[in-house]
Amino acid sequence: MLSYLHSFHAGNLADVHKHSILAWVLAYLTQKEKPVSYIETHSGRALYDLRSNDAQKTAEALGGILHPGVRPWFLSDHPYQRVIAEVQRDYGAHMYPGSPWLASRLLRPTDRLHLAELHPTECAQLRQVMGGRASIYGEDGYHLANRLCPPTPRRGLLLVDPSYELKTDYAIDP
Ligand SMILES: C[S@@+](CC[C@H](N)C(=O)[O-])C[C@H]1O[C@@H](n2cnc3c(N)ncnc32)[C@H](O)[C@@H]1O
């Protein structure tokens, strides 16, 4: 039974770290015209409301993306900054993009996105938010990655971002 919800942690400093590097790597990968595969084993719900009760309860974003000292770390043309600006323009300043959302905004129509999320409610949200832009799988992300690799197209990125709720998350070969 999974109980972790990323909405309690969205936009914290670890997210800023992870998402800014992810955005940079995706921008780098798409410099070449050749299409890429993006596989994410632990996707979460993709879009977070930092005014939600969950987010307010921990207030972790205040030490991350909402900290006045953090946004100036990134130039306005940094891909992470660009996607955040787009999300805020389209959905409001309180919204924050998770990794699947960043990937869907930085990848191109020719690229393939495969997103796994095991938590049923999170997966339903993910499906709704992503529309038809990605293939969504309500299954174990490790199994999905094993099944899809090597992917088509061959070039790409695999993001494994577990919540460490299951013993298998700690195994070297789960
Ligand atoms: C840390 S959160 C993901 C955050 C997301 N990567 C982001 O940065 O926006 C981990 C997610 O993995 C899901 N999860 C846990 N075990 C899983 C598994 N074996 N397969 C797929 N999803 C899993 C949890 O429900 C949770 O939503």
# chains A, B, ... in the order shown; residues from 1 in each chain; ligands from 1
$ residues_around --residues "Ala85 in chain A" --least-positions-apart "4" --cutoff "12 Å" --atoms "only C-alpha atoms" --output "list in words"
Arg71, Phe74, Leu75, Ser76, Asp77, His78, Pro79, Tyr80, Gln81, Arg89, Asp90, Tyr91, Gly92, Ala93, His94, Met95, Tyr96, Pro97, Leu102 and Arg105 of chain A
$ write_last_selection --atoms "C-alpha atoms" --output "compact mmCIF listing (two decimals), in the first residue's frame"
# COMPACT_ATOMS: atom_id res chain seq x y z
CA ARG A 71 14.65 31.80 -8.58
CA PHE A 74 18.53 30.57 -12.84
CA LEU A 75 18.85 32.84 -15.86
CA SER A 76 15.57 33.59 -17.63
CA ASP A 77 16.54 31.32 -20.53
CA HIS A 78 17.33 28.32 -18.29
CA PRO A 79 14.85 25.61 -19.39
CA TYR A 80 13.65 25.08 -15.79
CA GLN A 81 12.93 28.79 -15.39
CA ARG A 89 1.38 32.23 -16.85
CA ASP A 90 -1.12 29.53 -17.86
CA TYR A 91 -2.27 28.21 -14.45
CA GLY A 92 -1.30 30.79 -11.82
CA ALA A 93 1.72 31.68 -9.69
CA HIS A 94 0.82 28.97 -7.14
CA MET A 95 1.28 26.08 -9.58
CA TYR A 96 4.49 24.04 -9.82
CA PRO A 97 5.54 21.55 -12.55
CA LEU A 102 8.83 19.51 -17.42
CA ARG A 105 7.12 20.84 -22.22
$ residues_near_ligand --ligand "ligand 1" --cutoff "6 Å" --atoms "only C-alpha atoms and all ligand atoms" --output "CSV table (one decimal) with C-alpha atoms, in the first residue's frame"
chain,number,residue,atom,x,y,z
A,4,TYR,CA,3.6,8.8,-0.1
A,5,LEU,CA,2.1,11.8,-1.9
A,6,HIS,CA,4.5,14.2,-3.6
A,41,THR,CA,9.5,5.1,-13.4
A,42,HIS,CA,8.0,7.1,-10.5
A,43,SER,CA,6.1,10.0,-12.0
A,44,GLY,CA,3.8,11.5,-9.4
A,46,ALA,CA,2.9,16.1,-12.8
A,98,GLY,CA,6.7,18.0,-11.6
A,99,SER,CA,9.1,16.1,-13.7
A,116,ALA,CA,4.7,5.0,-14.7
A,117,GLU,CA,2.8,5.8,-11.5
A,118,LEU,CA,1.6,3.0,-9.2
A,119,HIS,CA,-0.6,5.1,-6.8
A,139,GLU,CA,2.1,-0.2,-12.9
A,140,ASP,CA,5.4,-0.8,-11.2
A,141,GLY,CA,7.9,1.6,-12.9
A,161,ASP,CA,12.8,8.9,-8.5
A,162,PRO,CA,11.3,6.5,-5.9
A,163,SER,CA,9.5,7.5,-2.8
$ closest_residue --among "A:Ile39, A:Leu159, A:Ala124, A:Pro72" --to "Arg147 in chain A" --atoms "only C-alpha atoms"
A:Ile39
$ select_by_dssp --residues "chain A" --states "helix (DSSP H, G or I)" --output "PyMOL selection string"
chain A and resi 6-8+13-29+53-58+60-63+71-73+79-91+99-106+120-130+141-148+167-170
$ residues_around --residues "range 111-115 of chain A" --least-positions-apart "2" --cutoff "7 Å" --atoms "only C-alpha atoms" --output "ChimeraX atom specification"
/A:35-41,43,107-109,117,134-137
$ write_last_selection --atoms "C-alpha atoms" --output "compact mmCIF listing (two decimals), in the first residue's frame"
# COMPACT_ATOMS: atom_id res chain seq x y z
CA PRO A 35 14.07 11.90 -31.45
CA VAL A 36 14.50 10.66 -27.88
CA SER A 37 12.67 8.39 -25.44
CA TYR A 38 11.87 9.67 -21.97
CA ILE A 39 10.98 6.98 -19.43
CA GLU A 40 9.99 7.89 -15.88
CA THR A 41 9.49 5.06 -13.38
CA SER A 43 6.06 10.02 -12.05
CA LEU A 107 10.44 17.46 -25.49
CA ARG A 108 9.14 17.61 -29.04
CA PRO A 109 6.20 15.90 -30.77
CA GLU A 117 2.79 5.77 -11.52
CA ALA A 134 2.41 10.65 -23.00
CA SER A 135 1.86 6.94 -22.57
CA ILE A 136 0.78 6.45 -18.94
CA TYR A 137 1.13 3.15 -17.10
$ select_by_dssp --residues "range 58-117 of chain A" --states "strand (DSSP E)" --output "list in words"
Met95, Tyr96, Pro97, Arg112, Leu113, His114, Leu115 and Ala116 of chain A
$ atom_distance --atom1 "CA of Gly64 in chain A" --atom2 "CA of Gln128 in chain A"
26.4 Å
$ closest_residue --among "A:Gln125, A:Ser7, A:Gln31, A:Asn146" --to "Ala61 in chain A" --atoms "only C-alpha atoms"
A:Ser7
$ atom_distance --atom1 "CA of Leu50 in chain A" --atom2 "CA of Phe8 in chain A"
9.0 Å
$ residues_around --residues "Ala59 in chain A" --least-positions-apart "3" --cutoff "9 Å" --atoms "only C-alpha atoms" --output "list in words"
Phe8, His9, Asn12, Leu50, Asp54, Ala55, Gln56, Leu62 and Gly63 of chain A
$ write_last_selection --atoms "C-alpha atoms" --output "PDB file, in the first residue's frame"
ATOM      1  CA  PHE A   8       3.464  17.347   0.467  1.00  0.00           C
ATOM      2  CA  HIS A   9       6.959  17.955  -0.913  1.00  0.00           C
ATOM      3  CA  ASN A  12      11.128  21.861  -2.054  1.00  0.00           C
ATOM      4  CA  LEU A  50       1.448  24.993  -3.777  1.00  0.00           C
ATOM      5  CA  ASP A  54      -0.879  19.117   1.584  1.00  0.00           C
ATOM      6  CA  ALA A  55       1.673  21.714   0.475  1.00  0.00           C
ATOM      7  CA  GLN A  56       0.693  24.161   3.224  1.00  0.00           C
ATOM      8  CA  LEU A  62       9.046  27.970   1.170  1.00  0.00           C
ATOM      9  CA  GLY A  63      12.568  26.641   1.517  1.00  0.00           C
TER      10      GLY A  63
END
$ atom_distance --atom1 "CA of Ala103 in chain A" --atom2 "CA of Pro150 in chain A"
19.3 Å
